[in-house]
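Visitor: Take a look at this one; I'll ask things after.
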Amino acid sequence: MVLRIGNASGFYGDRFDAVREMLTGGELDVLTGDYLAELTMLILGRDQLKDPAAGYAKTFLRQMEEGLGLAHERGVRVVANAGGLNPAGLADALRGLAAKLGLPTRIAHVEGDRLPAVDGVLAANAYLGGAGIAACLAAGADVVVTGRVTDAALVTGPAQWHFGWGPEEYDRLAGAVVAGHVLECGTQATGGNYAFFRDHDPAVFRRPGFPVAELHADGSAVITKHPGTGGLVDVGTVTAQLLYETAGARYPGPDVTARLDTARLTQVGPDRVRIDGVRGEAPPPTLKVGLSRLGGFRNEVVFVLTGLDIEAKAQLVRDQIEDALATARPREVRWELARTDRPDASTEETASALLRLVVRDPGPEAVGRALTGAAIELALASYPGFHVTAPPGRGAPYGVFETAYVPASEVPHTAVLPDGTRVPVPVPAHTPEPAPGLPVPVPGLPAPGLPAPVTTPEPPTPELPDPLPEGPVRRVPLGRLAGARSGDKGGDANIGVWVRTDEEWRWLAHALTVDKVRELLPETAGLAVTRHVLPRLRALNFTVAGILGEGVASQARFDPQAKALGEWLRSRELDVPEELL
């Protein structure tokens with residue numbers, strides 16, 4: 001008995017026609033869509049400030065204008081977290097749409113994730129599990145929309161409903177969590193953003209299809225895609241997504257704590273990768289809460305520096321701007337010179353470097369006219385060839401994302417069935433004891449930045465393979481051997497690095513230490529870097545605390561979501577045994 005679960009969205013703004021592609025391109029039992037990134041919650045919160053009836057992903061509602069009929073014809077259930085901050089509002093809108101289309105579609109939703117906002121927080125949402133989704137499906141729902149659930153809950157919920165798993169069937173639930181994590185980012189599992197794309201015909205990656213998980217009753221799954229769609233599913237693409245935005249061996253969630261170090265990946269056919277062996281443990285007694293708030297106001301100006309004397313030109317305009325801001329200096333002023341110029345360049349653009357100025361302040365005044373006026377007034381009074389990439393604008397608000405933790409018993413997880421019946425979802429009966437020394441959250445929403453999660457400590461570091469014997473080496477980029485994928489979690493980033501053969505793993509496990517990462521990525525100096533070893537995946541996963549400042553919405557660095565941090569690491573050179581090249 002196989003449950004076929006497909007994905008049609010990895011973020012709010014993903015390929016619009018993916019819903020149609022997935023519903024018409026092959027067999028499916030359930031179609032899921034993930035619309036809620038950390039930044040999205042802030043965007044929806046600002047939408048709701050303007051219109052209390054808003055707060056959900058409007059794109060999903062438009063996709064359902066066609067999708068409801070297609071799903072009804074094919075008997076496919078639809079499960080999406082597109083409800084955002086207002087799942088009840090989206091459910092009502094879907095009922096109206098179904099009535100307009102003359103469809104008998106039964107709509108349900110899950111709520112209770114939104115908690116009272118305090119201390120200037122725009123939105124506070126707990127990450128719920130899949131049990132509420134399962135209850136809605138069991139009551140006959142054709143479409144279930146939720147607010148903030150874990151990304152994997154879009155798969156664990158349907159799996160609990162379909163297979164009848166109990167809340168303590170941890171290994172099966174953990175297998176569904178891993179499958180859900182692979183599906184959640186859509187085409188990243190089918191060759192999108194893939195480090196080894198050059199090993200294949202470029203045409204393969206022009207339009208990757210969306211992924212499908214064929215889930216089995218024992219929790220194992222085969223990751224694949226609809227026949228004839230673009231992209232690629234192999235052990236590498238699945239490994240890359242499995243490492244994305246994770247950390248150590250334990251991956252705690254509201255349904256189960258999945259042991260990523262137990263996952264086994266096997267290529268079982270073209271575009272078919274089996275995931276099995278995943279072990280699970282009891283979930284923690286706490287739920288993660290995402291806190292979105294307005295952090296202040298920001299502005300930026302990018303000066304173009306062309307030709308000779310780039311460093312001197314940068315210093316001149318920097319000094320001029322600093323003088324102009326002396327009487328009303330923003331709280332944060334950050335300069336970054338990107339040497340994109342080349343000597344004796346054949347085009348003006350390739351002869352130019354970019355000097356980026358970013359300012360932040362609690363109020364709009366210091367980042368508004370004070371900055372834009374200073375930049376504009378220099379147009380005829382600064383370095384030769386002065387111009388900017390765009391006229392300076394007014395200061396704009398920016399967001400901050402933080403996490404806190406509350407006891408699961410304090411969150412009113414509720415399934416609202418198609419007939420309007422409200423069913424409370426019970427909390428797990430068994431949870432691990434807090435690890436020694438970890439603070440225990442108090443009832444109610446904690447202030448931003450407070451309690452750590454209540455969980456068990458990481459398992460002991462697994463035994464490393466024997467190192468390769470000494471021999472001749474060659475200095476080459478790490479990416480000659482290793483793939484990488486990186487991403488953001490609040491102000492932290494992770495970098496998953498993996499190799500494809502056992503011999504390469506013998507080298508990587510010993511060569512890529514925390515000290516070596518700090519050497520290769522100087523931006524990590526002074527930050528806490530933690531290395532996690534995952535031998536079954538031939539992978540190392542590094543977490544870098546604080547590199548993204550106050551999170552993606554604050555746009556604290558050039559790459560605010562750390563999407564390319566792994567590719568920067570792959571480009572850095574180190575000594576590699578010649579026998580591996």
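Within each chain, counting starts at residue 1; across the structure tokens, chains are named A, B, ... in the order shown, with ligands numbered 1 upward in that order.
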Show which residues sit within 12 Å of Asp234 of chain A, as a PyMOL selection string. Count only C-alpha atoms, and ignore same-chain residues fewer than 4 positions away.
Guide: chain A and resi 188-191+194+196-197+200+211+222-225+238-241+265-275+500
Visitor: How would the residues just picked look written out with C-alpha atoms as a short mmCIF file (atom, residue, chain, number, x, y, z; two decimals), in the first residue's frame?
Guide:
data_model
loop_
_atom_site.label_atom_id
_atom_site.label_comp_id
_atom_site.auth_asym_id
_atom_site.auth_seq_id
_atom_site.Cartn_x
_atom_site.Cartn_y
_atom_site.Cartn_z
CA GLN A 188 15.62 21.48 -4.91
CA ALA A 189 15.07 17.70 -4.64
CA THR A 190 14.96 17.24 -8.42
CA GLY A 191 18.11 19.02 -9.49
CA TYR A 194 22.40 21.36 -7.46
CA PHE A 196 27.01 18.91 -9.56
CA PHE A 197 24.77 20.24 -12.34
CA HIS A 200 24.84 16.25 -16.68
CA PRO A 211 9.15 15.85 -6.50
CA VAL A 222 11.02 6.42 -2.74
CA ILE A 223 11.68 9.96 -3.98
CA THR A 224 10.85 10.40 -7.65
CA LYS A 225 9.05 12.76 -10.05
CA VAL A 238 18.34 13.92 -2.28
CA THR A 239 21.41 14.21 -0.05
CA ALA A 240 21.67 17.91 -0.84
CA GLN A 241 18.08 18.57 0.18
CA LEU A 265 19.82 6.42 0.52
CA THR A 266 19.85 3.94 -2.38
CA GLN A 267 19.45 4.55 -6.11
CA VAL A 268 16.83 1.99 -7.13
CA GLY A 269 16.19 3.13 -10.69
CA PRO A 270 16.31 6.16 -12.97
CA ASP A 271 15.01 9.15 -10.99
CA ARG A 272 14.19 6.89 -8.04
CA VAL A 273 15.96 7.09 -4.67
CA ARG A 274 14.86 4.93 -1.75
CA ILE A 275 15.10 6.31 1.80
CA ARG A 500 30.03 10.66 -3.50
#
Visitor: List the spatial neighbours of segment 146-150 of chain A as a list of chain:residue names - criterion: any atom at most 7 Å away, only C-alpha atoms, same-chain residues fewer than 5 positions off excluded.
Guide: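 The neighbour list is A:Ala80, A:Asn81, A:Ala82, A:Gly83, A:Gly84, A:Leu85, A:Asn86, A:Pro87, A:His109, A:Val110, A:Glu111, A:Asp113, A:Asn125, A:Ala126, A:Tyr127, A:Leu128, A:Gly129.
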Visitor: How would the residues just picked look written out with N, CA and C atoms as a PDB file, in the first residue's frame?
Guide:
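The result, written out as selection_10.pdb:
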ATOM      1  N   ALA A  80      -1.961  22.218   2.303  1.00  0.00           N
ATOM      2  CA  ALA A  80      -1.022  23.328   2.140  1.00  0.00           C
ATOM      3  C   ALA A  80      -1.028  24.205   3.379  1.00  0.00           C
ATOM      4  N   ASN A  81       0.135  24.784   3.671  1.00  0.00           N
ATOM      5  CA  ASN A  81       0.230  25.717   4.807  1.00  0.00           C
ATOM      6  C   ASN A  81      -0.014  27.153   4.369  1.00  0.00           C
ATOM      7  N   ALA A  82      -0.706  27.325   3.259  1.00  0.00           N
ATOM      8  CA  ALA A  82      -0.922  28.654   2.684  1.00  0.00           C
ATOM      9  C   ALA A  82      -1.796  29.546   3.553  1.00  0.00           C
ATOM     10  N   GLY A  83      -2.397  28.994   4.621  1.00  0.00           N
ATOM     11  CA  GLY A  83      -3.218  29.811   5.512  1.00  0.00           C
ATOM     12  C   GLY A  83      -2.444  30.873   6.250  1.00  0.00           C
ATOM     13  N   GLY A  84      -1.133  30.699   6.384  1.00  0.00           N
ATOM     14  CA  GLY A  84      -0.302  31.723   6.993  1.00  0.00           C
ATOM     15  C   GLY A  84      -0.805  32.167   8.348  1.00  0.00           C
ATOM     16  N   LEU A  85      -1.163  33.434   8.464  1.00  0.00           N
ATOM     17  CA  LEU A  85      -1.664  34.000   9.710  1.00  0.00           C
ATOM     18  C   LEU A  85      -3.187  33.942   9.809  1.00  0.00           C
ATOM     19  N   ASN A  86      -3.828  33.436   8.768  1.00  0.00           N
ATOM     20  CA  ASN A  86      -5.299  33.458   8.744  1.00  0.00           C
ATOM     21  C   ASN A  86      -5.850  32.223   8.030  1.00  0.00           C
ATOM     22  N   PRO A  87      -5.594  31.017   8.555  1.00  0.00           N
ATOM     23  CA  PRO A  87      -6.092  29.820   7.873  1.00  0.00           C
ATOM     24  C   PRO A  87      -7.615  29.763   7.800  1.00  0.00           C
ATOM     25  N   HIS A 109      -9.535  23.226   8.072  1.00  0.00           N
ATOM     26  CA  HIS A 109      -8.299  23.948   8.367  1.00  0.00           C
ATOM     27  C   HIS A 109      -7.791  23.610   9.759  1.00  0.00           C
ATOM     28  N   VAL A 110      -6.532  23.945   9.979  1.00  0.00           N
ATOM     29  CA  VAL A 110      -5.869  23.722  11.267  1.00  0.00           C
ATOM     30  C   VAL A 110      -5.467  25.077  11.816  1.00  0.00           C
ATOM     31  N   GLU A 111      -5.749  25.284  13.090  1.00  0.00           N
ATOM     32  CA  GLU A 111      -5.385  26.554  13.710  1.00  0.00           C
ATOM     33  C   GLU A 111      -4.838  26.312  15.115  1.00  0.00           C
ATOM     34  N   ASP A 113      -1.849  27.747  16.025  1.00  0.00           N
ATOM     35  CA  ASP A 113      -0.417  28.048  16.013  1.00  0.00           C
ATOM     36  C   ASP A 113      -0.133  29.500  16.372  1.00  0.00           C
ATOM     37  N   ASN A 125       4.127  32.561  16.023  1.00  0.00           N
ATOM     38  CA  ASN A 125       3.491  31.338  15.542  1.00  0.00           C
ATOM     39  C   ASN A 125       4.279  30.114  15.965  1.00  0.00           C
ATOM     40  N   ALA A 126       3.599  29.178  16.611  1.00  0.00           N
ATOM     41  CA  ALA A 126       4.213  27.908  16.991  1.00  0.00           C
ATOM     42  C   ALA A 126       4.214  26.957  15.803  1.00  0.00           C
ATOM     43  N   TYR A 127       5.237  26.149  15.706  1.00  0.00           N
ATOM     44  CA  TYR A 127       5.350  25.159  14.635  1.00  0.00           C
ATOM     45  C   TYR A 127       4.613  23.885  15.068  1.00  0.00           C
ATOM     46  N   LEU A 128       3.451  23.633  14.465  1.00  0.00           N
ATOM     47  CA  LEU A 128       2.643  22.474  14.818  1.00  0.00           C
ATOM     48  C   LEU A 128       3.050  21.258  13.996  1.00  0.00           C
ATOM     49  N   GLY A 129       2.624  20.081  14.477  1.00  0.00           N
ATOM     50  CA  GLY A 129       2.878  18.844  13.767  1.00  0.00           C
ATOM     51  C   GLY A 129       1.737  18.465  12.846  1.00  0.00           C
TER      52      GLY A 129
END
Visitor: If DSSP is run on the backbone, what residues of segment 47-119 of chain A are alpha helix (DSSP H)? A reply as a VMD selection string would be ideal.
Guide: chain A and resid 47 to 50 58 to 74 87 to 101
Visitor: Residues within 9 Å of Thr257 of chain A, please, as a list in words. Count only C-alpha atoms; anything in the same chain fewer than 6 positions from it doesn't count.
Guide: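 With the cut-off at 9 Å, the set is Tyr170, Leu173, Ala174, Val177, Arg250, Tyr251, Arg279, Gly280, Glu281, Ala282, Pro283 and Pro284 of chain A.
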Visitor: Please measure the separation of atom CA of Asp341 of chain A and atom CA of Val304 of chain A, giving the value in Å to one decimal.
Guide: 10.2 Å
Visitor: Between A:Val143, A:Ile310, A:Leu36, A:Ala539, single out the one closest to Gly13 of chain A, counting only C-alpha atoms.
Guide: A:Leu36
Visitor: Can you pull out every residue within 6 Å of segment 24-34 of chain A, counting only C-alpha atoms, but drop anything in the same chain fewer than 6 positions away, and send it as a list in words?
Guide: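 Counting only C-alpha atoms, the residues come to Arg4, Ile5, Gly6, Asn7, Ala8, Ser9, Gly10, Phe11, Val76, Arg77, Val78, Val79, Ala80, Asn81 and His226 of chain A.
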Visitor: Need the shell around Pro285 of chain A: protein/DNA/RNA residues with any atom at most 6 Å away, counting only C-alpha atoms. Skip same-chain ones fewer than 2 positions apart. Format as a list in words?
Guide: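 Non-adjacent residues within range: Pro407, Ala408 and Thr431 of chain A.
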Visitor: The selected residues should be written to file as a compact mmCIF listing (two decimals), in the first residue's frame (atoms: N, CA and C atoms).
Guide:
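Listed below is the output, part_39.txt:
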# COMPACT_ATOMS: atom_id res chain seq x y z
N PRO A 407 6.00 25.31 26.08
CA PRO A 407 5.50 23.95 26.26
C PRO A 407 4.38 23.65 25.27
N ALA A 408 4.40 22.45 24.70
CA ALA A 408 3.37 22.07 23.74
C ALA A 408 1.98 22.15 24.35
N THR A 431 7.63 12.41 26.30
CA THR A 431 8.67 13.28 25.76
C THR A 431 9.93 13.07 26.57
Visitor: Could you pull out the strand (DSSP E or B) residues of segment 160-401 of chain A, going by DSSP on the backbone, and write them as a short mmCIF file (atom, residue, chain, number, x, y, z; two decimals) with N, CA, C and O atoms, in the first residue's frame?
Guide:
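New file states_26.cif:
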data_model
loop_
_atom_site.label_atom_id
_atom_site.label_comp_id
_atom_site.auth_asym_id
_atom_site.auth_seq_id
_atom_site.Cartn_x
_atom_site.Cartn_y
_atom_site.Cartn_z
N PRO A 208 13.14 21.84 -14.03
CA PRO A 208 12.99 20.63 -13.22
C PRO A 208 11.53 20.39 -12.84
O PRO A 208 10.78 21.32 -12.55
N PRO A 211 8.91 17.20 -7.01
CA PRO A 211 9.15 15.85 -6.50
C PRO A 211 7.89 15.15 -6.00
O PRO A 211 6.90 15.77 -5.64
N VAL A 212 8.00 13.83 -5.97
CA VAL A 212 6.95 12.94 -5.44
C VAL A 212 7.62 11.97 -4.48
O VAL A 212 8.71 11.46 -4.76
N ALA A 213 6.96 11.71 -3.35
CA ALA A 213 7.40 10.67 -2.42
C ALA A 213 6.39 9.54 -2.43
O ALA A 213 5.20 9.76 -2.19
N GLU A 214 6.86 8.35 -2.74
CA GLU A 214 6.03 7.15 -2.62
C GLU A 214 6.28 6.57 -1.24
O GLU A 214 7.30 5.91 -1.00
N LEU A 215 5.38 6.85 -0.33
CA LEU A 215 5.56 6.50 1.07
C LEU A 215 4.93 5.14 1.36
O LEU A 215 3.82 4.85 0.91
N HIS A 216 5.66 4.33 2.15
CA HIS A 216 5.20 2.99 2.50
C HIS A 216 4.81 2.94 3.97
O HIS A 216 5.21 3.78 4.77
N ALA A 221 10.45 5.36 1.96
CA ALA A 221 9.89 6.14 0.85
C ALA A 221 10.81 6.06 -0.35
O ALA A 221 12.02 5.83 -0.21
N VAL A 222 10.25 6.24 -1.52
CA VAL A 222 11.02 6.42 -2.74
C VAL A 222 10.75 7.82 -3.25
O VAL A 222 9.59 8.21 -3.45
N ILE A 223 11.80 8.60 -3.43
CA ILE A 223 11.68 9.96 -3.98
C ILE A 223 11.81 9.87 -5.49
O ILE A 223 12.74 9.26 -6.02
N THR A 224 10.85 10.46 -6.20
CA THR A 224 10.85 10.40 -7.65
C THR A 224 10.19 11.67 -8.19
O THR A 224 10.08 12.68 -7.47
N LYS A 225 9.76 11.64 -9.44
CA LYS A 225 9.05 12.76 -10.05
C LYS A 225 8.16 12.20 -11.14
O LYS A 225 8.28 11.02 -11.51
N GLY A 230 11.28 17.45 -16.34
CA GLY A 230 12.70 17.74 -16.31
C GLY A 230 13.31 17.51 -14.96
O GLY A 230 12.65 17.15 -13.98
N ARG A 250 20.18 14.61 15.39
CA ARG A 250 18.79 14.66 15.85
C ARG A 250 18.08 15.86 15.21
O ARG A 250 18.56 16.99 15.28
N TYR A 251 16.92 15.58 14.62
CA TYR A 251 16.12 16.62 13.97
C TYR A 251 14.78 16.66 14.70
O TYR A 251 13.83 15.96 14.34
N PRO A 252 14.67 17.47 15.77
CA PRO A 252 13.47 17.43 16.60
C PRO A 252 12.31 18.16 15.95
O PRO A 252 12.47 19.18 15.30
N THR A 257 11.26 13.06 16.93
CA THR A 257 12.64 13.46 16.70
C THR A 257 13.25 12.46 15.73
O THR A 257 13.42 11.28 16.06
N ALA A 258 13.53 12.90 14.52
CA ALA A 258 14.09 12.01 13.50
C ALA A 258 15.61 11.97 13.62
O ALA A 258 16.25 13.00 13.84
N ARG A 259 16.16 10.77 13.47
CA ARG A 259 17.61 10.60 13.52
C ARG A 259 18.15 10.61 12.09
O ARG A 259 18.11 9.61 11.38
N ARG A 264 19.28 5.99 5.19
CA ARG A 264 20.06 5.29 4.17
C ARG A 264 19.44 5.60 2.81
O ARG A 264 18.24 5.44 2.61
N LEU A 265 20.28 6.05 1.86
CA LEU A 265 19.82 6.42 0.52
C LEU A 265 20.35 5.41 -0.49
O LEU A 265 21.54 5.10 -0.49
N THR A 266 19.46 4.93 -1.38
CA THR A 266 19.85 3.94 -2.38
C THR A 266 19.20 4.30 -3.71
O THR A 266 17.99 4.52 -3.77
N GLN A 267 20.01 4.35 -4.77
CA GLN A 267 19.45 4.55 -6.11
C GLN A 267 18.83 3.24 -6.55
O GLN A 267 19.51 2.22 -6.70
N VAL A 268 17.53 3.23 -6.78
CA VAL A 268 16.83 1.99 -7.13
C VAL A 268 16.29 2.01 -8.55
O VAL A 268 15.57 1.10 -8.95
N GLY A 269 16.63 3.02 -9.30
CA GLY A 269 16.19 3.13 -10.69
C GLY A 269 16.39 4.54 -11.17
O GLY A 269 16.74 5.44 -10.40
N ARG A 272 14.84 7.54 -9.18
CA ARG A 272 14.19 6.89 -8.04
C ARG A 272 15.23 6.62 -6.96
O ARG A 272 16.18 5.86 -7.17
N VAL A 273 15.05 7.26 -5.80
CA VAL A 273 15.96 7.09 -4.67
C VAL A 273 15.16 6.62 -3.46
O VAL A 273 14.20 7.30 -3.04
N ARG A 274 15.54 5.49 -2.92
CA ARG A 274 14.86 4.93 -1.75
C ARG A 274 15.49 5.48 -0.48
O ARG A 274 16.73 5.55 -0.37
N ILE A 275 14.66 5.90 0.47
CA ILE A 275 15.10 6.31 1.80
C ILE A 275 14.54 5.32 2.80
O ILE A 275 13.31 5.15 2.89
N ASP A 276 15.41 4.65 3.54
CA ASP A 276 14.93 3.73 4.56
C ASP A 276 15.89 3.72 5.73
O ASP A 276 16.90 4.42 5.74
N ARG A 279 15.44 6.04 11.95
CA ARG A 279 14.96 5.78 13.30
C ARG A 279 14.39 7.06 13.89
O ARG A 279 14.78 8.18 13.54
N GLY A 280 13.44 6.87 14.80
CA GLY A 280 12.81 8.01 15.45
C GLY A 280 12.83 7.89 16.95
O GLY A 280 12.95 6.79 17.51
N GLU A 281 12.73 9.03 17.61
CA GLU A 281 12.67 9.10 19.07
C GLU A 281 11.51 10.02 19.45
O GLU A 281 10.94 10.73 18.60
N THR A 286 8.51 20.74 23.99
CA THR A 286 8.31 22.14 23.62
C THR A 286 8.08 22.27 22.12
O THR A 286 8.45 21.41 21.33
N LEU A 287 7.47 23.37 21.74
CA LEU A 287 7.31 23.72 20.34
C LEU A 287 8.13 24.98 20.05
O LEU A 287 8.15 25.92 20.84
N LYS A 288 8.75 24.97 18.89
CA LYS A 288 9.44 26.17 18.42
C LYS A 288 8.40 27.23 18.07
O LYS A 288 7.34 26.92 17.51
N VAL A 289 8.71 28.47 18.41
CA VAL A 289 7.83 29.60 18.08
C VAL A 289 8.63 30.60 17.25
O VAL A 289 9.73 31.02 17.64
N GLY A 290 8.12 30.95 16.08
CA GLY A 290 8.74 31.98 15.26
C GLY A 290 8.17 33.34 15.62
O GLY A 290 6.95 33.53 15.63
N LEU A 291 9.05 34.27 15.93
CA LEU A 291 8.65 35.62 16.32
C LEU A 291 9.07 36.59 15.22
O LEU A 291 10.26 36.75 14.94
N SER A 292 8.11 37.22 14.59
CA SER A 292 8.40 38.20 13.54
C SER A 292 8.05 39.59 14.04
O SER A 292 6.95 39.82 14.54
N ARG A 293 8.99 40.49 13.94
CA ARG A 293 8.74 41.86 14.39
C ARG A 293 9.45 42.83 13.45
O ARG A 293 10.38 42.46 12.72
N LEU A 294 9.01 44.07 13.48
CA LEU A 294 9.70 45.12 12.73
C LEU A 294 10.92 45.55 13.52
O LEU A 294 10.82 45.90 14.70
N GLY A 295 12.07 45.49 12.86
CA GLY A 295 13.31 45.79 13.57
C GLY A 295 13.74 47.24 13.49
O GLY A 295 14.60 47.68 14.24
N GLY A 296 13.17 47.99 12.55
CA GLY A 296 13.58 49.37 12.35
C GLY A 296 13.50 49.71 10.88
O GLY A 296 12.67 49.16 10.14
N PHE A 297 14.39 50.61 10.44
CA PHE A 297 14.37 51.07 9.06
C PHE A 297 15.77 50.96 8.47
O PHE A 297 16.77 51.13 9.18
N ARG A 298 15.82 50.69 7.16
CA ARG A 298 17.11 50.53 6.49
C ARG A 298 17.08 51.25 5.15
O ARG A 298 16.02 51.55 4.60
N ASN A 299 18.27 51.50 4.63
CA ASN A 299 18.43 52.07 3.31
C ASN A 299 19.78 51.64 2.78
O ASN A 299 20.66 51.21 3.56
N GLU A 300 19.95 51.74 1.50
CA GLU A 300 21.24 51.39 0.92
C GLU A 300 21.49 52.19 -0.34
O GLU A 300 20.56 52.62 -1.03
N VAL A 301 22.78 52.40 -0.61
CA VAL A 301 23.24 53.04 -1.83
C VAL A 301 24.41 52.22 -2.35
O VAL A 301 25.27 51.81 -1.57
N VAL A 302 24.43 51.95 -3.65
CA VAL A 302 25.54 51.23 -4.26
C VAL A 302 26.24 52.17 -5.23
O VAL A 302 25.67 52.58 -6.26
N PHE A 303 27.48 52.53 -4.88
CA PHE A 303 28.29 53.42 -5.71
C PHE A 303 29.08 52.58 -6.71
O PHE A 303 29.64 51.54 -6.36
N VAL A 304 29.15 53.05 -7.95
CA VAL A 304 29.91 52.36 -8.99
C VAL A 304 31.25 53.05 -9.15
O VAL A 304 31.32 54.27 -9.38
N LEU A 305 32.33 52.30 -9.03
CA LEU A 305 33.70 52.81 -9.11
C LEU A 305 34.35 52.17 -10.33
O LEU A 305 34.46 50.95 -10.40
N THR A 306 34.80 52.99 -11.29
CA THR A 306 35.24 52.46 -12.57
C THR A 306 36.70 52.81 -12.85
O THR A 306 37.14 53.93 -12.58
N GLU A 332 23.51 51.81 12.73
CA GLU A 332 24.43 50.87 12.06
C GLU A 332 24.76 51.39 10.68
O GLU A 332 23.87 51.73 9.90
N VAL A 333 26.05 51.48 10.39
CA VAL A 333 26.54 51.89 9.07
C VAL A 333 27.51 50.82 8.59
O VAL A 333 28.50 50.53 9.27
N ARG A 334 27.24 50.25 7.44
CA ARG A 334 28.06 49.13 6.97
C ARG A 334 28.47 49.38 5.52
O ARG A 334 27.64 49.64 4.66
N TRP A 335 29.79 49.27 5.27
CA TRP A 335 30.34 49.43 3.94
C TRP A 335 30.90 48.10 3.44
O TRP A 335 31.49 47.35 4.22
N GLU A 336 30.75 47.83 2.15
CA GLU A 336 31.32 46.62 1.56
C GLU A 336 31.75 46.93 0.14
O GLU A 336 30.96 47.40 -0.68
N LEU A 337 33.04 46.70 -0.15
CA LEU A 337 33.59 46.94 -1.47
C LEU A 337 33.73 45.60 -2.20
O LEU A 337 34.46 44.72 -1.76
N ALA A 338 33.00 45.43 -3.29
CA ALA A 338 33.06 44.21 -4.10
C ALA A 338 33.91 44.50 -5.33
O ALA A 338 33.48 45.28 -6.21
N SER A 352 34.36 47.93 -13.63
CA SER A 352 33.77 48.62 -12.48
C SER A 352 33.67 47.73 -11.25
O SER A 352 33.40 46.52 -11.34
N ALA A 353 33.84 48.34 -10.09
CA ALA A 353 33.63 47.71 -8.79
C ALA A 353 32.40 48.35 -8.14
O ALA A 353 31.96 49.44 -8.55
N LEU A 354 31.88 47.71 -7.12
CA LEU A 354 30.67 48.19 -6.45
C LEU A 354 30.97 48.42 -4.97
O LEU A 354 31.47 47.53 -4.28
N LEU A 355 30.65 49.61 -4.50
CA LEU A 355 30.79 49.96 -3.09
C LEU A 355 29.38 50.08 -2.51
O LEU A 355 28.63 50.98 -2.88
N ARG A 356 29.05 49.19 -1.62
CA ARG A 356 27.68 49.12 -1.08
C ARG A 356 27.66 49.70 0.33
O ARG A 356 28.43 49.30 1.19
N LEU A 357 26.74 50.63 0.54
CA LEU A 357 26.52 51.22 1.85
C LEU A 357 25.14 50.82 2.33
O LEU A 357 24.15 51.05 1.64
N VAL A 358 25.07 50.23 3.53
CA VAL A 358 23.80 49.86 4.14
C VAL A 358 23.72 50.54 5.50
O VAL A 358 24.67 50.48 6.29
N VAL A 359 22.60 51.18 5.77
CA VAL A 359 22.40 51.83 7.07
C VAL A 359 21.11 51.32 7.69
O VAL A 359 20.14 51.01 6.99
N ARG A 360 21.11 51.24 9.03
CA ARG A 360 19.93 50.83 9.78
C ARG A 360 19.78 51.73 10.99
O ARG A 360 20.77 52.17 11.58
N ASP A 361 18.50 51.94 11.38
CA ASP A 361 18.24 52.77 12.55
C ASP A 361 16.83 52.46 13.06
O ASP A 361 15.96 52.06 12.27
N HIS A 387 28.77 57.61 -10.16
CA HIS A 387 27.36 57.30 -10.35
C HIS A 387 26.97 56.14 -9.45
O HIS A 387 27.83 55.48 -8.87
N VAL A 388 25.68 55.93 -9.33
CA VAL A 388 25.16 54.87 -8.46
C VAL A 388 24.28 53.94 -9.29
O VAL A 388 23.85 54.30 -10.39
N ALA A 396 13.23 52.16 4.30
CA ALA A 396 12.14 51.19 4.32
C ALA A 396 12.23 50.36 5.60
O ALA A 396 13.33 50.11 6.11
N PRO A 397 11.09 49.91 6.12
CA PRO A 397 11.14 49.07 7.32
C PRO A 397 11.75 47.71 7.01
O PRO A 397 11.64 47.19 5.90
N TYR A 398 12.44 47.14 7.99
CA TYR A 398 12.96 45.79 7.85
C TYR A 398 12.50 44.95 9.02
O TYR A 398 12.09 45.47 10.07
N GLY A 399 12.53 43.66 8.83
CA GLY A 399 12.02 42.74 9.85
C GLY A 399 13.11 41.98 10.56
O GLY A 399 14.25 41.89 10.09
N VAL A 400 12.73 41.41 11.68
CA VAL A 400 13.62 40.57 12.48
C VAL A 400 12.88 39.29 12.78
O VAL A 400 11.70 39.31 13.17
N PHE A 401 13.54 38.17 12.60
CA PHE A 401 12.96 36.87 12.95
C PHE A 401 13.76 36.27 14.09
O PHE A 401 14.98 36.18 14.02
#
Visitor: So, counting only C-alpha atoms, which residue among A:His181, A:Ala138, A:Val427, A:Pro412 is closest to Asp255 of chain A?
Guide: A:Val427
Visitor: What is the atom CA of Pro158 of chain A-atom CA of Gly231 of chain A distance in Å, reported with one decimal?
Guide: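 It comes out at 25.8 Å.
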Visitor: With only C-alpha atoms as the counted atoms, please give the residues lying no more than 7 Å from Tyr383 of chain A, apart from itself and same-chain residues fewer than 4 positions off, as JSON, numbers by chain.
Guide: {"A": [313, 316, 317]}
Visitor: Write the residues of the selection above to a file with C-alpha atoms, as a short mmCIF file (atom, residue, chain, number, x, y, z; two decimals), in the first residue's frame.
Guide:
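Output (result-v2.cif):
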data_model
loop_
_atom_site.label_atom_id
_atom_site.label_comp_id
_atom_site.auth_asym_id
_atom_site.auth_seq_id
_atom_site.Cartn_x
_atom_site.Cartn_y
_atom_site.Cartn_z
CA LYS A 313 37.86 56.33 -4.93
CA LEU A 316 37.05 59.35 -0.83
CA VAL A 317 33.30 58.79 -1.10
#
Visitor: For Asp488 of chain A, which of A:Thr513, A:Thr246, A:Ser571, A:Thr156 is the closest residue, counting only C-alpha atoms?
Guide: A:Thr246
Visitor: So which residues touch Arg572 of chain A within 12 Å, counting only C-alpha atoms, skipping near sequence neighbours fewer than 4 positions away, as an MDAnalysis selection string?
Guide: chainID A and resid 475:482 512 516:522 565:568 576
Visitor: What does the structure give for the distance between atom CA of Gly166 of chain A and atom CA of Ala88 of chain A, in Å to one decimal?
Guide: 27.2 Å
